[in-house]
Every structure is written in structure tokens, then in C-alpha cells.
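Participant: Hey, dropping structure.pdb in here, PDB, C-alpha atoms and all ligand atoms:
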ATOM      1  CA  MET A 114       0.000   0.000   0.000  1.00  0.00           C
ATOM      2  CA  VAL A 115       1.094   3.571  -0.641  1.00  0.00           C
ATOM      3  CA  PHE A 116       0.937   6.353   1.928  1.00  0.00           C
ATOM      4  CA  CYS A 117       2.539   9.762   2.494  1.00  0.00           C
ATOM      5  CA  SER A 118       5.085  10.464   5.187  1.00  0.00           C
ATOM      6  CA  ASN A 119       3.770  13.203   7.467  1.00  0.00           C
ATOM      7  CA  ALA A 120       7.304  14.494   7.949  1.00  0.00           C
ATOM      8  CA  THR A 121       8.400  14.748   4.322  1.00  0.00           C
ATOM      9  CA  GLY A 122       5.261  14.332   2.206  1.00  0.00           C
ATOM     10  CA  LYS A 123       7.126  11.662   0.241  1.00  0.00           C
ATOM     11  CA  LEU A 124       5.447   8.414  -0.683  1.00  0.00           C
ATOM     12  CA  ILE A 125       5.862   5.490   1.687  1.00  0.00           C
ATOM     13  CA  PHE A 126       5.315   1.891   0.627  1.00  0.00           C
ATOM     14  CA  PHE A 127       3.972  -0.463   3.257  1.00  0.00           C
ATOM     15  CA  CYS A 128       3.060  -4.149   3.286  1.00  0.00           C
ATOM     16  CA  PRO A 129       0.205  -4.654   5.761  1.00  0.00           C
ATOM     17  CA  LEU A 130       0.747  -8.404   5.812  1.00  0.00           C
ATOM     18  CA  CYS A 131       4.311  -8.417   7.153  1.00  0.00           C
ATOM     19  CA  GLY A 132       4.646  -4.834   8.433  1.00  0.00           C
ATOM     20  CA  VAL A 133       7.668  -3.986   6.260  1.00  0.00           C
ATOM     21  CA  ALA A 134       7.891  -0.409   4.964  1.00  0.00           C
ATOM     22  CA  TRP A 135       9.987   1.174   2.212  1.00  0.00           C
ATOM     23  CA  SER A 136      10.884   4.766   1.468  1.00  0.00           C
ATOM     24  CA  ASN A 137      11.383   3.818  -2.198  1.00  0.00           C
ATOM     25  CA  ARG A 138       9.110   1.683  -4.302  1.00  0.00           C
ATOM     26  CA  PRO A 139      10.125  -1.969  -3.961  1.00  0.00           C
ATOM     27  CA  ILE A 140      11.112  -3.466  -7.306  1.00  0.00           C
ATOM     28  CA  GLY A 141       9.651  -6.841  -8.194  1.00  0.00           C
ATOM     29  CA  MET A 142      10.166  -9.573  -5.628  1.00  0.00           C
ATOM     30  CA  GLN A 143      13.472  -8.115  -4.454  1.00  0.00           C
ATOM     31  CA  LEU A 144      13.803  -7.722  -0.675  1.00  0.00           C
ATOM     32  CA  ASN A 145      16.955  -5.779   0.072  1.00  0.00           C
ATOM     33  CA  GLN A 146      15.756  -3.670   2.981  1.00  0.00           C
ATOM     34  CA  ILE A 147      13.666  -4.439   6.055  1.00  0.00           C
ATOM     35  CA  CYS A 148      12.353  -1.410   7.919  1.00  0.00           C
ATOM     36  CA  SER A 149       9.338  -0.859  10.116  1.00  0.00           C
ATOM     37  CA  LEU A 150       6.787   1.850   9.388  1.00  0.00           C
ATOM     38  CA  GLN A 151       8.112   3.668  12.459  1.00  0.00           C
ATOM     39  CA  GLN A 152      11.616   3.739  10.959  1.00  0.00           C
ATOM     40  CA  VAL A 153      10.498   4.943   7.533  1.00  0.00           C
ATOM     41  CA  ALA A 154       7.918   7.476   8.759  1.00  0.00           C
ATOM     42  CA  PRO A 155       8.682   8.314  12.402  1.00  0.00           C
ATOM     43  CA  THR A 156       6.028  11.032  12.592  1.00  0.00           C
ATOM     44  CA  GLY A 157       3.346   8.910  10.968  1.00  0.00           C
ATOM     45  CA  ILE A 158       1.608   8.513   7.650  1.00  0.00           C
ATOM     46  CA  SER A 159      -1.450   9.821   5.888  1.00  0.00           C
ATOM     47  CA  LEU A 160      -3.388   8.834   2.805  1.00  0.00           C
ATOM     48  CA  PRO A 161      -1.911  10.095  -0.451  1.00  0.00           C
ATOM     49  CA  GLY A 162      -3.901  12.369  -2.724  1.00  0.00           C
ATOM     50  CA  GLU A 163      -4.629  11.427  -6.319  1.00  0.00           C
ATOM     51  CA  ARG A 164      -1.983  13.915  -7.457  1.00  0.00           C
ATOM     52  CA  ASP A 165       0.641  12.074  -5.402  1.00  0.00           C
ATOM     53  CA  LEU A 166      -0.123   8.865  -7.253  1.00  0.00           C
ATOM     54  CA  VAL A 167      -0.282  10.084 -10.856  1.00  0.00           C
ATOM     55  CA  ASP A 168       3.007   8.502 -11.934  1.00  0.00           C
ATOM     56  CA  LEU A 169       2.298   5.178 -10.227  1.00  0.00           C
ATOM     57  CA  THR A 170      -1.243   5.056 -11.579  1.00  0.00           C
ATOM     58  CA  ARG A 171      -0.134   5.838 -15.129  1.00  0.00           C
ATOM     59  CA  SER A 172       2.435   3.067 -15.046  1.00  0.00           C
ATOM     60  CA  GLY A 173      -0.132   0.601 -13.697  1.00  0.00           C
ATOM     61  CA  THR A 174       1.949   0.137 -10.555  1.00  0.00           C
ATOM     62  CA  VAL A 175      -0.933   0.841  -8.181  1.00  0.00           C
ATOM     63  CA  HIS A 176      -4.670   0.393  -8.223  1.00  0.00           C
ATOM     64  CA  ASN A 177      -7.417   1.571  -5.889  1.00  0.00           C
ATOM     65  CA  VAL A 178      -8.689  -0.532  -3.033  1.00  0.00           C
ATOM     66  CA  ASP A 179     -11.850   0.104  -1.056  1.00  0.00           C
ATOM     67  CA  TYR A 180     -10.916   1.957   2.128  1.00  0.00           C
ATOM     68  CA  SER A 181     -13.683   0.286   4.118  1.00  0.00           C
ATOM     69  CA  THR A 182     -12.112  -3.118   3.447  1.00  0.00           C
ATOM     70  CA  TRP A 183      -8.979  -2.001   5.317  1.00  0.00           C
ATOM     71  CA  GLN A 184     -10.441   0.627   7.630  1.00  0.00           C
ATOM     72  CA  GLU A 185     -10.070  -1.320  10.859  1.00  0.00           C
ATOM     73  CA  PHE A 186      -6.413  -1.880  10.100  1.00  0.00           C
ATOM     74  CA  LEU A 187      -5.643   1.548   8.621  1.00  0.00           C
ATOM     75  CA  ASP A 188      -7.343   3.886  11.090  1.00  0.00           C
ATOM     76  CA  PRO A 189      -4.792   3.263  13.867  1.00  0.00           C
ATOM     77  CA  LEU A 190      -1.920   3.871  11.397  1.00  0.00           C
ATOM     78  CA  LEU A 191      -3.210   7.117   9.930  1.00  0.00           C
ATOM     79  CA  THR A 192      -2.234  10.043  12.056  1.00  0.00           C
ATOM     80  CA  GLY A 193      -2.259  12.823   9.514  1.00  0.00           C
ATOM     81  CA  THR A 194      -5.788  12.737   8.218  1.00  0.00           C
TER
HETATM   82 ZN    ZN A 201       4.878  -8.210   3.189  1.00  0.00          ZN
END
Let's see the structure in the file written out as C-alpha cells.
Ligand SMILES: [Zn+2]
Facilitator:
Amino acid sequence: MVFCSNATGKLIFFCPLCGVAWSNRPIGMQLNQICSLQQVAPTGISLPGERDLVDLTRSGTVHNVDYSTWQEFLDPLLTGT
């Protein structure tokens, strides 16, 4: 999933299944860095705006998911909304 760092506004990539976060988009199945969300975005995350995702959407890298499907999990993580 893609979020914004509250501190920098940069995109943050986060896997909700294993809790690993990246400050750069992970490439393919490569795992060369293991960081927690706290390490990558110490002041928290917020939902990205559509403008933040233009490049990723154009390249087909991301697609929308229904917020309500993940709400119970996401609400405690989102501190900037
Ligand atoms: Zn994972």
C-alpha cells in the first residue's frame, strides 16, 4: 500500500501483511531492505492524494482498493488525516 510520510510528504510503501515499509518503491520480488513503518515514517503517515499517485497510476503500478475493506487496520496507522 502507498501512503505519504507526514514528515516529508514523500510516498511510503507499506506491506500490511508483514509490516515492512519502504521509502522507495520496492522493485519486483526483491527484498533488500527491512524497515518498520516507524523507521520509515517516524512522525506517521497519511493517505496520499490522487496527485501524489499520478506517476504510479499511469504506469499501472498501483490500483485503488476500497478503504472500508482495510479501515479497521488503517485507522490506527493514519495520524495525519
Ligand atoms: Zn509483506
Participant: Considering only C-alpha atoms and all ligand atoms, can you say which of A:Ile158, A:Leu166, A:Ile125, A:Leu144 comes closest to ligand ZN 201 (chain A)?
Facilitator: A:Leu144
Participant: Excluding same-chain residues fewer than 2 positions from Cys131 in chain A, what lies within 12 Å of it counting all atoms listed in the file, as a list in words?
Facilitator: Met114, Phe127, Cys128, Pro129, Val133, Ala134, Ile147, Cys148, Ser149 and Leu150 of chain A
Participant: Spell out the residues picked by the PyMOL selection byres (((chain A and resi 174) around 12) and not hetatm) here, as a PyMOL selection string.
Facilitator: chain A and resi 114-115+126+138-141+166-173+175-177
Participant: Mind giving me the straight-line distance from CA of Val153 in chain A to CA of Ser118 in chain A in Å, one decimal?
Facilitator: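 Interatomic distance here is 8.1 Å.
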Participant: Considering all atoms listed in the file, can you say which of A:Ser181, A:Glu163, A:Trp135, A:Asn119 comes closest to ligand ZN 201 (chain A)?
Facilitator: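 Closest candidate: A:Trp135.
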Participant: Mind giving me the straight-line distance from CA of Cys117 in chain A to CA of Thr156 in chain A in Å, one decimal?
Facilitator: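 Result for CA of Cys117 in chain A versus CA of Thr156 in chain A: 10.8 Å, one decimal.
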Participant: Please give the centre and size of the box around range 138-150 of chain A (axis-aligned, containing every atom listed in the file, 6 Å added per side), with values in Å to one decimal and written as lines of an AutoDock Vina configuration file.
Facilitator:
center_x = 11.9
center_y = -3.9
center_z = 1.0
size_x = 22.2
size_y = 23.4
size_z = 30.3
Participant: With distances taken over only C-alpha atoms and all ligand atoms, which residue among A:Pro189, A:Gly157, A:Gly162, A:Gly132 lies nearest ligand ZN 201 (chain A)?
Facilitator: A:Gly132
Participant: Which value, in Å to one decimal, gives the distance between CA of Leu190 in chain A and CA of Asp165 in chain A?
Facilitator: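 CA of Leu190 in chain A sits 18.9 Å away from CA of Asp165 in chain A.
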Participant: Using only C-alpha atoms, can you tell me which of A:Leu124, A:Met142, A:Leu187, A:Tyr180 comes closest to Ala154 in chain A?
Facilitator: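 Of A:Leu124, A:Met142, A:Leu187, A:Tyr180, the one nearest Ala154 in chain A is A:Leu124, counting only C-alpha atoms.
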Participant: Please determine, counting all atoms listed in the file, which residue among A:Thr121, A:Asn137, A:Gln152, A:Gln143 has the shortest atom-to-atom distance to ligand ZN 201 (chain A).
Facilitator: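 Selected residue with least distance to ligand ZN 201 (chain A): A:Gln143.
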Participant: Which one of A:Asp188, A:Leu160, A:Lys123, A:Gln146 sits closest to ligand ZN 201 (chain A) if you count only C-alpha atoms and all ligand atoms?
Facilitator: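 The answer is A:Gln146, which sits nearest to ligand ZN 201 (chain A).
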Participant: Please, can range 130-142 of chain A be completed to N, CA and C atoms and returned as a compact mmCIF listing (two decimals), in the frame of the given file?
Facilitator:
# COMPACT_ATOMS: atom_id res chain seq x y z
N LEU A 130 0.69 -7.00 5.41
CA LEU A 130 0.75 -8.40 5.81
C LEU A 130 1.96 -8.71 6.68
N CYS A 131 3.11 -8.12 6.36
CA CYS A 131 4.31 -8.42 7.15
C CYS A 131 4.81 -7.21 7.92
N GLY A 132 4.26 -6.02 7.68
CA GLY A 132 4.65 -4.83 8.43
C GLY A 132 5.93 -4.18 7.96
N VAL A 133 6.45 -4.59 6.79
CA VAL A 133 7.67 -3.99 6.26
C VAL A 133 7.30 -2.72 5.48
N ALA A 134 8.12 -1.68 5.65
CA ALA A 134 7.89 -0.41 4.96
C ALA A 134 9.14 -0.01 4.17
N TRP A 135 8.90 0.70 3.07
CA TRP A 135 9.99 1.17 2.21
C TRP A 135 9.82 2.66 1.93
N SER A 136 10.94 3.36 1.86
CA SER A 136 10.88 4.77 1.47
C SER A 136 10.99 4.91 -0.05
N ASN A 137 11.38 3.84 -0.74
CA ASN A 137 11.38 3.82 -2.20
C ASN A 137 10.58 2.62 -2.65
N ARG A 138 9.96 2.75 -3.81
CA ARG A 138 9.11 1.68 -4.30
C ARG A 138 9.90 0.39 -4.45
N PRO A 139 9.44 -0.69 -3.80
CA PRO A 139 10.12 -1.97 -3.96
C PRO A 139 10.01 -2.46 -5.40
N ILE A 140 11.07 -3.01 -5.92
CA ILE A 140 11.11 -3.47 -7.31
C ILE A 140 10.92 -4.98 -7.34
N GLY A 141 9.90 -5.42 -8.02
CA GLY A 141 9.65 -6.84 -8.19
C GLY A 141 9.59 -7.57 -6.87
N MET A 142 10.19 -8.74 -6.83
CA MET A 142 10.17 -9.57 -5.63
C MET A 142 11.45 -9.38 -4.82
